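Source file: input22.tsv (TSV, C-alpha atoms)
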```tsv
chain	number	residue	atom	x	y	z
A	1	MET	CA	-101.45	-14.36	135.56
A	2	GLU	CA	-103.26	-17.40	134.14
A	3	LEU	CA	-101.90	-16.83	130.61
A	4	ILE	CA	-98.40	-17.80	131.70
A	5	ILE	CA	-99.67	-21.08	133.05
A	6	ILE	CA	-101.46	-21.82	129.77
A	7	ALA	CA	-98.31	-20.90	127.87
A	8	ALA	CA	-96.26	-23.29	129.99
A	9	ALA	CA	-98.86	-26.04	129.55
A	10	LEU	CA	-98.79	-25.57	125.78
A	11	MET	CA	-95.01	-25.72	125.74
A	12	ILE	CA	-94.97	-29.03	127.59
A	13	SER	CA	-97.87	-30.69	125.79
A	14	ILE	CA	-97.10	-29.82	122.18
A	15	GLY	CA	-93.40	-30.63	122.60
A	16	GLY	CA	-94.30	-33.95	124.15
A	17	LEU	CA	-96.87	-34.73	121.47
A	18	GLY	CA	-94.45	-34.31	118.59
A	19	VAL	CA	-91.69	-36.37	120.17
A	20	ALA	CA	-94.11	-39.09	121.30
A	21	ILE	CA	-95.17	-39.67	117.69
A	22	GLY	CA	-91.56	-39.57	116.53
A	23	MET	CA	-90.39	-42.06	119.12
A	24	ALA	CA	-93.34	-44.36	118.44
A	25	MET	CA	-92.36	-44.53	114.77
A	26	LEU	CA	-88.73	-45.03	115.77
A	27	GLY	CA	-89.68	-47.93	118.06
A	28	GLY	CA	-91.80	-49.47	115.33
A	29	LYS	CA	-88.94	-49.29	112.83
A	30	LEU	CA	-86.59	-50.83	115.40
A	31	LEU	CA	-88.92	-53.80	115.93
A	32	GLU	CA	-89.38	-54.26	112.19
A	33	SER	CA	-85.67	-54.25	111.44
A	34	THR	CA	-84.88	-56.46	114.43
A	35	ALA	CA	-87.52	-58.92	113.22
A	36	ARG	CA	-85.97	-58.85	109.78
A	37	GLN	CA	-82.40	-59.35	111.10
A	38	PRO	CA	-82.42	-60.55	114.73
A	39	GLU	CA	-78.60	-60.69	114.95
A	40	LEU	CA	-78.43	-56.90	114.50
A	41	GLY	CA	-80.82	-56.39	117.44
A	42	PRO	CA	-78.32	-55.11	120.05
A	43	MET	CA	-76.54	-52.75	117.66
A	44	LEU	CA	-79.83	-51.30	116.41
A	45	GLN	CA	-81.03	-50.85	119.96
A	46	SER	CA	-77.93	-48.89	121.00
A	47	LYS	CA	-78.31	-46.67	117.93
A	48	MET	CA	-81.99	-46.20	118.82
A	49	PHE	CA	-81.09	-45.11	122.34
A	50	ILE	CA	-78.74	-42.47	120.93
A	51	VAL	CA	-81.50	-41.09	118.71
A	52	VAL	CA	-84.05	-41.28	121.55
A	53	ALA	CA	-81.72	-39.25	123.78
A	54	LEU	CA	-81.23	-36.70	121.00
A	55	LEU	CA	-84.98	-36.47	120.37
A	56	ASP	CA	-85.61	-36.27	124.11
A	57	ALA	CA	-83.80	-32.95	124.24
A	58	VAL	CA	-86.52	-31.03	122.43
A	59	PRO	CA	-89.45	-31.51	124.79
A	60	MET	CA	-87.15	-31.62	127.83
A	61	ILE	CA	-85.87	-28.12	127.09
A	62	GLY	CA	-89.52	-27.06	126.73
A	63	VAL	CA	-90.43	-28.75	130.02
A	64	GLY	CA	-87.44	-27.19	131.77
A	65	ILE	CA	-88.34	-23.69	130.65
A	66	ALA	CA	-92.07	-24.24	131.24
A	67	MET	CA	-91.40	-25.34	134.80
A	68	TYR	CA	-89.21	-22.32	135.29
A	69	LEU	CA	-92.13	-20.19	134.07
A	70	ILE	CA	-94.59	-21.88	136.37
A	71	PHE	CA	-92.58	-21.95	139.55
A	72	ALA	CA	-90.21	-19.03	139.28
A	73	VAL	CA	-91.89	-16.44	137.08
A	74	ALA	CA	-95.60	-17.06	137.72
A	75	PRO	CA	-95.54	-16.49	141.54
A	76	GLY	CA	-93.69	-13.22	140.89
A	77	LEU	CA	-96.47	-11.97	138.61
A	78	ALA	CA	-99.33	-12.66	141.01
B	79	MET	CA	-83.98	-22.49	156.93
B	80	ALA	CA	-87.59	-21.47	156.93
B	81	SER	CA	-89.11	-21.94	160.37
B	82	GLY	CA	-92.79	-22.51	160.82
B	83	GLU	CA	-95.27	-23.09	157.98
B	84	GLN	CA	-93.66	-22.79	154.54
B	85	THR	CA	-95.78	-22.49	151.42
B	86	SER	CA	-95.06	-24.93	148.61
B	87	THR	CA	-93.93	-22.14	146.27
B	88	GLU	CA	-91.41	-20.99	148.85
B	89	TYR	CA	-90.24	-24.58	149.27
B	90	ILE	CA	-89.80	-25.01	145.53
B	91	ASN	CA	-88.12	-21.65	145.08
B	92	HIS	CA	-85.86	-22.38	148.01
B	93	HIS	CA	-84.68	-25.59	146.41
B	94	LEU	CA	-84.12	-23.90	143.07
B	95	THR	CA	-81.84	-21.07	144.18
B	96	ASN	CA	-78.10	-21.55	144.27
B	97	LEU	CA	-75.76	-20.37	146.96
B	98	THR	CA	-74.61	-17.26	145.16
B	99	PHE	CA	-71.58	-15.23	146.17
B	100	GLY	CA	-70.91	-11.84	144.65
B	101	ARG	CA	-70.35	-8.14	144.90
B	102	PHE	CA	-73.28	-6.10	146.21
B	103	PRO	CA	-73.99	-2.70	144.60
B	104	ASP	CA	-72.64	-1.05	147.76
B	105	GLY	CA	-69.26	-2.69	147.12
B	106	SER	CA	-69.27	-5.34	149.85
B	107	TRP	CA	-68.80	-8.99	148.99
B	108	GLY	CA	-70.93	-11.68	150.52
B	109	PHE	CA	-73.47	-14.45	150.15
B	110	ALA	CA	-76.87	-13.44	148.89
B	111	THR	CA	-80.01	-14.01	150.91
B	112	SER	CA	-83.35	-14.45	149.19
B	113	LYS	CA	-84.09	-10.75	149.19
B	114	ASN	CA	-81.00	-9.29	147.54
B	115	ILE	CA	-80.11	-12.10	145.15
B	116	GLU	CA	-80.93	-10.01	142.07
B	117	GLU	CA	-78.64	-7.17	143.09
B	118	LEU	CA	-75.57	-9.32	142.48
B	119	GLY	CA	-76.31	-9.21	138.79
B	120	PHE	CA	-74.44	-11.23	136.21
B	121	MET	CA	-71.07	-11.52	137.85
B	122	ALA	CA	-72.24	-13.53	140.85
B	123	ILE	CA	-70.78	-17.03	141.38
B	124	HIS	CA	-72.86	-20.10	142.20
B	125	VAL	CA	-70.62	-21.40	144.95
B	126	ASP	CA	-72.44	-24.69	145.48
B	127	SER	CA	-72.32	-25.64	141.80
B	128	MET	CA	-68.63	-24.79	141.77
B	129	ILE	CA	-67.85	-26.85	144.87
B	130	TRP	CA	-69.76	-29.89	143.72
B	131	SER	CA	-68.58	-29.86	140.09
B	132	MET	CA	-64.92	-29.32	140.95
B	133	GLY	CA	-65.11	-31.78	143.83
B	134	LEU	CA	-66.57	-34.47	141.60
B	135	ALA	CA	-63.98	-33.74	138.92
B	136	ALA	CA	-61.23	-34.12	141.54
B	137	LEU	CA	-62.82	-37.37	142.74
B	138	PHE	CA	-62.92	-38.73	139.19
B	139	LEU	CA	-59.31	-37.75	138.48
B	140	PHE	CA	-58.11	-39.13	141.83
B	141	LEU	CA	-59.82	-42.50	141.40
B	142	PHE	CA	-58.75	-43.03	137.80
B	143	HIS	CA	-55.21	-41.82	138.51
B	144	ARG	CA	-54.87	-44.19	141.43
B	145	VAL	CA	-55.92	-47.12	139.25
B	146	ALA	CA	-53.76	-46.04	136.31
B	147	VAL	CA	-50.65	-45.81	138.48
B	148	LYS	CA	-51.16	-49.21	140.10
B	149	ALA	CA	-52.40	-50.92	136.90
B	150	THR	CA	-51.11	-54.51	137.01
B	151	THR	CA	-51.63	-57.08	134.26
B	152	ASP	CA	-51.30	-60.21	136.42
B	153	VAL	CA	-54.02	-59.91	139.09
B	154	PRO	CA	-56.18	-56.86	138.34
B	155	THR	CA	-58.37	-55.68	141.27
B	156	GLY	CA	-62.14	-55.39	140.89
B	157	PHE	CA	-62.00	-51.62	140.62
B	158	GLN	CA	-59.31	-51.77	137.95
B	159	ASN	CA	-61.55	-54.07	135.88
B	160	PHE	CA	-64.36	-51.56	136.27
B	161	VAL	CA	-62.15	-48.69	135.10
B	162	GLU	CA	-60.78	-50.77	132.23
B	163	MET	CA	-64.34	-51.60	131.19
B	164	ILE	CA	-65.27	-47.90	131.05
B	165	VAL	CA	-62.09	-46.93	129.20
B	166	GLU	CA	-62.56	-49.69	126.61
B	167	PHE	CA	-66.22	-48.77	126.17
B	168	ILE	CA	-65.38	-45.12	125.60
B	169	ASP	CA	-62.46	-46.05	123.35
B	170	GLY	CA	-64.80	-48.14	121.20
B	171	GLN	CA	-67.27	-45.28	120.92
B	172	VAL	CA	-64.56	-42.76	120.01
B	173	LYS	CA	-63.09	-45.07	117.35
B	174	GLU	CA	-66.58	-45.42	115.87
B	175	THR	CA	-67.43	-41.72	115.71
B	176	PHE	CA	-64.09	-39.92	115.49
B	177	HIS	CA	-61.78	-40.59	112.53
B	178	GLY	CA	-59.19	-37.85	112.97
B	179	GLN	CA	-55.60	-38.27	114.18
B	180	THR	CA	-55.61	-36.08	117.32
B	181	LYS	CA	-54.82	-38.11	120.43
B	182	MET	CA	-56.80	-35.63	122.58
B	183	VAL	CA	-60.34	-36.73	121.81
B	184	ALA	CA	-60.44	-40.09	123.63
B	185	PRO	CA	-59.28	-38.69	127.01
B	186	LEU	CA	-61.61	-35.73	126.49
B	187	ALA	CA	-64.50	-38.11	125.86
B	188	LEU	CA	-63.63	-40.19	128.93
B	189	THR	CA	-63.43	-37.12	131.14
B	190	ILE	CA	-66.69	-35.69	129.84
B	191	PHE	CA	-68.55	-38.96	130.21
B	192	CYS	CA	-67.38	-39.72	133.75
B	193	TRP	CA	-67.59	-36.14	134.99
B	194	VAL	CA	-71.07	-35.44	133.61
B	195	PHE	CA	-72.21	-38.86	134.82
B	196	LEU	CA	-70.95	-38.15	138.36
B	197	MET	CA	-72.57	-34.71	138.35
B	198	ASN	CA	-75.87	-36.13	137.12
B	199	LEU	CA	-75.72	-38.91	139.69
B	200	MET	CA	-76.05	-36.31	142.43
B	201	ASP	CA	-79.63	-35.86	141.26
B	202	LEU	CA	-80.55	-39.24	142.77
B	203	VAL	CA	-79.63	-38.07	146.27
B	204	PRO	CA	-82.91	-37.27	148.09
B	205	VAL	CA	-83.82	-33.62	147.53
B	206	ASP	CA	-83.92	-32.47	151.12
B	207	LEU	CA	-81.02	-34.45	152.53
B	208	VAL	CA	-77.98	-32.27	151.76
B	209	PRO	CA	-79.64	-28.81	151.85
B	210	TRP	CA	-81.06	-29.69	155.29
B	211	LEU	CA	-77.69	-30.89	156.57
B	212	ILE	CA	-75.97	-27.81	155.17
B	213	SER	CA	-78.61	-25.52	156.66
B	214	LEU	CA	-77.66	-26.89	160.09
B	215	LEU	CA	-74.32	-25.20	159.48
B	216	GLY	CA	-76.20	-21.98	158.81
B	217	VAL	CA	-75.86	-21.94	155.04
B	218	GLY	CA	-79.19	-20.87	153.56
B	219	TYR	CA	-79.35	-22.19	150.03
B	220	HIS	CA	-77.70	-25.23	148.51
B	221	LYS	CA	-78.19	-27.07	145.20
B	222	ILE	CA	-76.11	-30.22	145.00
B	223	VAL	CA	-76.62	-31.06	141.31
B	224	PRO	CA	-74.21	-28.89	139.28
B	225	THR	CA	-75.80	-29.86	135.95
B	226	THR	CA	-79.11	-28.27	136.94
B	227	ASP	CA	-77.23	-24.98	136.84
B	228	PRO	CA	-77.30	-23.62	133.24
B	229	ASN	CA	-73.97	-21.90	133.81
B	230	VAL	CA	-72.24	-25.25	134.28
B	231	THR	CA	-73.80	-27.00	131.28
B	232	MET	CA	-73.50	-23.99	128.95
B	233	GLY	CA	-69.92	-23.49	130.15
B	234	MET	CA	-69.04	-27.04	129.13
B	235	ALA	CA	-70.93	-26.70	125.85
B	236	PHE	CA	-69.12	-23.47	124.94
B	237	SER	CA	-65.73	-24.95	125.82
B	238	VAL	CA	-66.48	-27.85	123.45
B	239	PHE	CA	-67.55	-25.24	120.88
B	240	ALA	CA	-64.26	-23.36	121.33
B	241	LEU	CA	-62.34	-26.61	120.84
B	242	MET	CA	-64.37	-27.27	117.71
B	243	ILE	CA	-63.61	-23.84	116.23
B	244	PHE	CA	-59.91	-24.15	117.16
B	245	TYR	CA	-59.51	-27.53	115.49
B	246	SER	CA	-61.53	-26.45	112.47
B	247	PHE	CA	-59.09	-23.63	111.83
B	248	LYS	CA	-56.07	-25.74	112.74
B	249	VAL	CA	-56.95	-28.65	110.45
B	250	LYS	CA	-58.89	-26.93	107.68
B	251	GLY	CA	-57.53	-23.41	107.86
B	252	VAL	CA	-59.03	-21.45	104.94
B	253	GLY	CA	-61.04	-24.55	104.10
B	254	PHE	CA	-63.21	-23.79	107.14
B	255	ILE	CA	-64.06	-20.35	105.75
B	256	LYS	CA	-64.79	-21.92	102.37
B	257	GLU	CA	-66.98	-24.49	104.11
B	258	LEU	CA	-68.94	-21.76	105.83
B	259	THR	CA	-69.54	-19.64	102.75
B	260	LEU	CA	-69.88	-22.03	99.82
B	261	GLN	CA	-71.75	-24.83	101.53
B	262	PRO	CA	-75.44	-25.20	100.67
B	263	PHE	CA	-75.75	-23.44	97.30
B	264	THR	CA	-72.94	-23.67	94.76
B	265	PHE	CA	-73.15	-22.27	91.24
B	266	LYS	CA	-70.85	-22.65	88.23
B	267	ASN	CA	-71.17	-18.96	87.41
B	268	PRO	CA	-68.73	-17.21	89.84
B	269	PHE	CA	-70.70	-13.98	89.80
B	270	VAL	CA	-73.85	-15.63	91.15
B	271	GLN	CA	-71.72	-17.63	93.59
B	272	VAL	CA	-70.32	-14.45	95.13
B	273	LEU	CA	-73.85	-13.08	95.42
B	274	ILE	CA	-75.10	-16.13	97.32
B	275	ILE	CA	-72.20	-16.16	99.81
B	276	PRO	CA	-73.91	-14.01	102.51
B	277	PHE	CA	-76.99	-16.23	102.37
B	278	ASN	CA	-74.88	-19.40	102.65
B	279	PHE	CA	-72.91	-17.83	105.47
B	280	LEU	CA	-76.11	-16.99	107.34
B	281	LEU	CA	-77.41	-20.55	107.03
B	282	GLU	CA	-74.11	-22.08	108.11
B	283	ILE	CA	-73.68	-19.71	111.05
B	284	VAL	CA	-77.15	-20.54	112.38
B	285	SER	CA	-76.40	-24.27	112.35
B	286	LEU	CA	-72.96	-23.63	113.87
B	287	ILE	CA	-74.35	-21.52	116.71
B	288	ALA	CA	-77.17	-24.02	117.35
B	289	LYS	CA	-74.65	-26.74	118.22
B	290	PRO	CA	-73.39	-25.46	121.61
B	291	PHE	CA	-76.80	-24.20	122.65
B	292	SER	CA	-78.52	-27.51	121.92
B	293	LEU	CA	-75.65	-29.40	123.57
B	294	GLY	CA	-75.81	-27.32	126.75
B	295	LEU	CA	-79.57	-26.89	126.99
B	296	ARG	CA	-80.22	-30.61	126.40
B	297	LEU	CA	-78.26	-31.59	129.52
B	298	PHE	CA	-79.67	-28.68	131.51
B	299	GLY	CA	-83.29	-29.31	130.45
B	300	ASN	CA	-83.19	-33.00	131.30
B	301	MET	CA	-81.56	-32.54	134.69
B	302	TYR	CA	-83.61	-29.48	135.64
B	303	ALA	CA	-86.91	-31.17	134.76
B	304	GLY	CA	-85.77	-34.32	136.57
B	305	GLU	CA	-84.93	-32.44	139.73
B	306	MET	CA	-88.11	-30.37	139.51
B	307	ILE	CA	-90.16	-33.58	139.49
B	308	PHE	CA	-88.21	-34.85	142.49
B	309	ILE	CA	-89.02	-31.60	144.31
B	310	LEU	CA	-92.70	-31.87	143.38
B	311	ILE	CA	-92.81	-35.48	144.58
B	312	SER	CA	-91.23	-34.48	147.87
B	313	LEU	CA	-94.08	-31.97	148.25
B	314	LEU	CA	-96.42	-34.97	148.30
B	315	TYR	CA	-94.98	-36.08	151.62
B	316	THR	CA	-96.60	-33.13	153.36
B	317	GLY	CA	-100.06	-34.36	152.30
B	318	GLY	CA	-100.78	-36.97	154.96
B	319	LEU	CA	-100.16	-40.77	154.98
B	320	ILE	CA	-101.84	-41.92	151.75
B	321	LEU	CA	-100.28	-39.16	149.66
B	322	GLY	CA	-96.97	-39.77	151.45
B	323	LEU	CA	-96.97	-43.47	150.53
B	324	MET	CA	-97.92	-42.59	146.95
B	325	GLY	CA	-95.07	-40.06	146.96
B	326	GLY	CA	-92.66	-42.77	148.10
B	327	VAL	CA	-93.67	-45.07	145.24
B	328	LEU	CA	-93.50	-42.20	142.75
B	329	GLN	CA	-90.09	-41.14	144.04
B	330	PHE	CA	-88.72	-44.68	143.64
B	331	GLY	CA	-90.23	-45.05	140.17
B	332	TRP	CA	-88.93	-41.72	138.95
B	333	ALA	CA	-85.48	-42.36	140.45
B	334	VAL	CA	-85.19	-45.68	138.56
B	335	PHE	CA	-86.22	-44.01	135.31
B	336	HIS	CA	-83.91	-41.12	136.07
B	337	ILE	CA	-80.92	-43.46	136.30
B	338	LEU	CA	-81.45	-44.18	132.59
B	339	VAL	CA	-81.75	-40.45	131.82
B	340	VAL	CA	-78.61	-39.68	133.84
B	341	THR	CA	-76.39	-42.16	132.00
B	342	LEU	CA	-77.99	-41.45	128.63
B	343	GLN	CA	-77.44	-37.69	128.86
B	344	ALA	CA	-73.79	-38.15	129.88
B	345	PHE	CA	-73.35	-40.60	127.00
B	346	ILE	CA	-75.03	-38.26	124.52
B	347	PHE	CA	-72.92	-35.31	125.63
B	348	MET	CA	-69.80	-37.42	125.01
B	349	VAL	CA	-70.96	-38.82	121.64
B	350	LEU	CA	-71.87	-35.35	120.37
B	351	THR	CA	-68.50	-33.98	121.47
B	352	CYS	CA	-66.80	-36.75	119.46
B	353	VAL	CA	-69.07	-36.03	116.48
B	354	TYR	CA	-68.32	-32.30	116.62
B	355	MET	CA	-64.60	-33.00	116.93
B	356	SER	CA	-64.67	-35.37	113.96
B	357	MET	CA	-66.57	-32.75	111.93
B	358	ALA	CA	-63.87	-30.24	112.83
B	359	HIS	CA	-61.17	-32.66	111.65
B	360	GLU	CA	-62.85	-33.65	108.38
B	361	ASP	CA	-60.73	-32.40	105.50
B	362	HIS	CA	-62.34	-32.91	102.10
```

Could you express the structure from this file as structure tokens?
Amino acid sequence: MELIIIAAALMISIGGLGVAIGMAMLGGKLLESTARQPELGPMLQSKMFIVVALLDAVPMIGVGIAMYLIFAVAPGLA
Amino acid sequence: MASGEQTSTEYINHHLTNLTFGRFPDGSWGFATSKNIEELGFMAIHVDSMIWSMGLAALFLFLFHRVAVKATTDVPTGFQNFVEMIVEFIDGQVKETFHGQTKMVAPLALTIFCWVFLMNLMDLVPVDLVPWLISLLGVGYHKIVPTTDPNVTMGMAFSVFALMIFYSFKVKGVGFIKELTLQPFTFKNPFVQVLIIPFNFLLEIVSLIAKPFSLGLRLFGNMYAGEMIFILISLLYTGGLILGLMGGVLQFGWAVFHILVVTLQAFIFMVLTCVYMSMAHEDH
């Protein structure tokens, strides 16, 4: 029974790890380019939000399925 | 609902099951209770998701229709300004991403954005409020957020996918087949080109099929995880005063963050629909 919990934990953590690094780089690039051209700040930020939402999908799908595993499948196995 | 002591797993599972209506193996129709929910199989209908999604769609259409009919240029009412602001915002987005001629995409984008936004907004309603009220009327299960139901999000994603395929054939015709088979690897030598077609086709089909699944699962994953965290936070309230207060702060914090997620996911769903439509209309 415990293996499914570990599987769900791995799904959440590794997905989150990858996207955290990606979004950190994305934020860094946004700040750099806004510093270089402040007048483009708002436009760059809206583009960044689109990419953040797209990136967000990957770990969120993992979290969604992992939570389904933990709360719907795991009790059934016990 | 459950009387007496209810374990947390039961509480969570109770809040995750939809009000399903279907045909039992013995031929009778009816609402499923927790025990025989599996027997309904695939063809069961999630009544609560249906009611809430169609109700919100009707609300959206009614409100926007009322404003559109009474639209005056001299003294616009506050609500009309609000609707105009949304329409102009969506129109700007569509002009940016979609370069085809079809007049259908902007209204489609507006409908998707407002409808998905309204459905997502239901997630901010406290978890126990509506199911408890409904249970007073004797209805066992109730999930008020349609977008936490994969059927709803995948249904929308596949309808966008069907539109994409339809317009690809309509605008590009044979070009669409050519696009699918000759895309990544092209060779001067026709013999080698014919050989590589199945491999190209496989690559293109995988990316084509990934589009609706990622579109649907993205919205579902975000909303499902969001609601799951709301349910977990509401479990905190059963843990005495300190935990209850902490739960209250957590609930408020997560709700504020979730407002961003709600609007962002509706916006992303709309932008991707425009992008897929413009890809379908591209004619090299």

*asked:* Can you work out which residues from chain B touch chain A at a cut-off of 12 Å (counting only C-alpha atoms) and hand them back as JSON, numbers by chain?
replied: {"B": [85, 86, 87, 88, 89, 90, 91, 92, 93, 94, 95, 171, 174, 226, 227, 228, 291, 292, 293, 294, 295, 296, 297, 298, 299, 300, 301, 302, 303, 304, 305, 306, 307, 309, 310, 338, 339, 340, 341, 342, 343, 344, 345, 346, 347, 348, 349, 350]}

Resulting file, chosen residues, C-alpha atoms, as a PDB file, in the coordinates of the input:
```
ATOM      1  CA  THR B  85     -95.780 -22.490 151.420  1.00  0.00           C
ATOM      2  CA  SER B  86     -95.060 -24.930 148.610  1.00  0.00           C
ATOM      3  CA  THR B  87     -93.930 -22.140 146.270  1.00  0.00           C
ATOM      4  CA  GLU B  88     -91.410 -20.990 148.850  1.00  0.00           C
ATOM      5  CA  TYR B  89     -90.240 -24.580 149.270  1.00  0.00           C
ATOM      6  CA  ILE B  90     -89.800 -25.010 145.530  1.00  0.00           C
ATOM      7  CA  ASN B  91     -88.120 -21.650 145.080  1.00  0.00           C
ATOM      8  CA  HIS B  92     -85.860 -22.380 148.010  1.00  0.00           C
ATOM      9  CA  HIS B  93     -84.680 -25.590 146.410  1.00  0.00           C
ATOM     10  CA  LEU B  94     -84.120 -23.900 143.070  1.00  0.00           C
ATOM     11  CA  THR B  95     -81.840 -21.070 144.180  1.00  0.00           C
ATOM     12  CA  GLN B 171     -67.270 -45.280 120.920  1.00  0.00           C
ATOM     13  CA  GLU B 174     -66.580 -45.420 115.870  1.00  0.00           C
ATOM     14  CA  THR B 226     -79.110 -28.270 136.940  1.00  0.00           C
ATOM     15  CA  ASP B 227     -77.230 -24.980 136.840  1.00  0.00           C
ATOM     16  CA  PRO B 228     -77.300 -23.620 133.240  1.00  0.00           C
ATOM     17  CA  PHE B 291     -76.800 -24.200 122.650  1.00  0.00           C
ATOM     18  CA  SER B 292     -78.520 -27.510 121.920  1.00  0.00           C
ATOM     19  CA  LEU B 293     -75.650 -29.400 123.570  1.00  0.00           C
ATOM     20  CA  GLY B 294     -75.810 -27.320 126.750  1.00  0.00           C
ATOM     21  CA  LEU B 295     -79.570 -26.890 126.990  1.00  0.00           C
ATOM     22  CA  ARG B 296     -80.220 -30.610 126.400  1.00  0.00           C
ATOM     23  CA  LEU B 297     -78.260 -31.590 129.520  1.00  0.00           C
ATOM     24  CA  PHE B 298     -79.670 -28.680 131.510  1.00  0.00           C
ATOM     25  CA  GLY B 299     -83.290 -29.310 130.450  1.00  0.00           C
ATOM     26  CA  ASN B 300     -83.190 -33.000 131.300  1.00  0.00           C
ATOM     27  CA  MET B 301     -81.560 -32.540 134.690  1.00  0.00           C
ATOM     28  CA  TYR B 302     -83.610 -29.480 135.640  1.00  0.00           C
ATOM     29  CA  ALA B 303     -86.910 -31.170 134.760  1.00  0.00           C
ATOM     30  CA  GLY B 304     -85.770 -34.320 136.570  1.00  0.00           C
ATOM     31  CA  GLU B 305     -84.930 -32.440 139.730  1.00  0.00           C
ATOM     32  CA  MET B 306     -88.110 -30.370 139.510  1.00  0.00           C
ATOM     33  CA  ILE B 307     -90.160 -33.580 139.490  1.00  0.00           C
ATOM     34  CA  ILE B 309     -89.020 -31.600 144.310  1.00  0.00           C
ATOM     35  CA  LEU B 310     -92.700 -31.870 143.380  1.00  0.00           C
ATOM     36  CA  LEU B 338     -81.450 -44.180 132.590  1.00  0.00           C
ATOM     37  CA  VAL B 339     -81.750 -40.450 131.820  1.00  0.00           C
ATOM     38  CA  VAL B 340     -78.610 -39.680 133.840  1.00  0.00           C
ATOM     39  CA  THR B 341     -76.390 -42.160 132.000  1.00  0.00           C
ATOM     40  CA  LEU B 342     -77.990 -41.450 128.630  1.00  0.00           C
ATOM     41  CA  GLN B 343     -77.440 -37.690 128.860  1.00  0.00           C
ATOM     42  CA  ALA B 344     -73.790 -38.150 129.880  1.00  0.00           C
ATOM     43  CA  PHE B 345     -73.350 -40.600 127.000  1.00  0.00           C
ATOM     44  CA  ILE B 346     -75.030 -38.260 124.520  1.00  0.00           C
ATOM     45  CA  PHE B 347     -72.920 -35.310 125.630  1.00  0.00           C
ATOM     46  CA  MET B 348     -69.800 -37.420 125.010  1.00  0.00           C
ATOM     47  CA  VAL B 349     -70.960 -38.820 121.640  1.00  0.00           C
ATOM     48  CA  LEU B 350     -71.870 -35.350 120.370  1.00  0.00           C
TER      49      LEU B 350
END
```

*Find the spatial neighbours of Phe176 in chain B, counting only C-alpha atoms, within a cut-off of 6 Å - ignore same-chain residues fewer than 2 positions away - and output them as a PyMOL selection string.*
chain B and resi 172-173+178+352+356

_Report, in Å to a single decimal, how far apart CA of Leu69 in chain A and CA of Val217 in chain B are._
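Spanning CA of Val217 in chain B to CA of Leu69 in chain A is a straight-line distance of 26.6 Å.
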
*Counting only C-alpha atoms, what is within 10 Å of Lys256 in chain B, bar same-chain residues fewer than 5 positions away, as a PyMOL selection string?*
chain B and resi 250-251+261+275+279

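For the pair CA of Leu3 in chain A and CA of Gly76 in chain A, the interatomic distance is 13.6 Å.
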
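For the pair CA of His359 in chain B and CA of Leu260 in chain B, the separation is 18.1 Å.
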
*Taking all atoms listed in the file into account, which of B:Trp130, B:Leu314, B:Val194, B:Leu273 comes nearest Val327 in chain B?*
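Checking each candidate against Val327 in chain B, we get B:Leu314 as the closest.
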
If we count all atoms listed in the file, what is near Met357 in chain B at a cut-off of 10 Å, once residues fewer than 3 positions away on the same chain are taken out, given as a PDB file with C-alpha atoms, in the coordinates of the input?
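Contents of out35.pdb, as written:
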```
ATOM      1  CA  THR B 175     -67.430 -41.720 115.710  1.00  0.00           C
ATOM      2  CA  PHE B 176     -64.090 -39.920 115.490  1.00  0.00           C
ATOM      3  CA  HIS B 177     -61.780 -40.590 112.530  1.00  0.00           C
ATOM      4  CA  GLY B 178     -59.190 -37.850 112.970  1.00  0.00           C
ATOM      5  CA  MET B 242     -64.370 -27.270 117.710  1.00  0.00           C
ATOM      6  CA  TYR B 245     -59.510 -27.530 115.490  1.00  0.00           C
ATOM      7  CA  SER B 246     -61.530 -26.450 112.470  1.00  0.00           C
ATOM      8  CA  THR B 351     -68.500 -33.980 121.470  1.00  0.00           C
ATOM      9  CA  CYS B 352     -66.800 -36.750 119.460  1.00  0.00           C
ATOM     10  CA  VAL B 353     -69.070 -36.030 116.480  1.00  0.00           C
ATOM     11  CA  TYR B 354     -68.320 -32.300 116.620  1.00  0.00           C
ATOM     12  CA  GLU B 360     -62.850 -33.650 108.380  1.00  0.00           C
ATOM     13  CA  ASP B 361     -60.730 -32.400 105.500  1.00  0.00           C
TER      14      ASP B 361
END
```

_For Phe330 in chain B, find every residue with an atom within 12 Å (counting all atoms listed in the file), except residues of its own chain fewer than 6 positions away, and show them as number ranges by chain._
B: 202-204, 307-308, 311-312, 323-324, 336-337

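Comparing B:Thr189, B:Gln271, B:Asn278, B:Thr180 by their smallest distance to His143 in chain B, the closest is B:Thr189 (using all atoms listed in the file).
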
*Rank B:Asp169, B:Val230, B:Lys113, B:Ser127 by their smallest atom-to-atom distance to Lys181 in chain B, using only C-alpha atoms, and report the top residue only.*
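Going through B:Asp169, B:Val230, B:Lys113, B:Ser127 one by one, the smallest distance to Lys181 in chain B is for B:Asp169.
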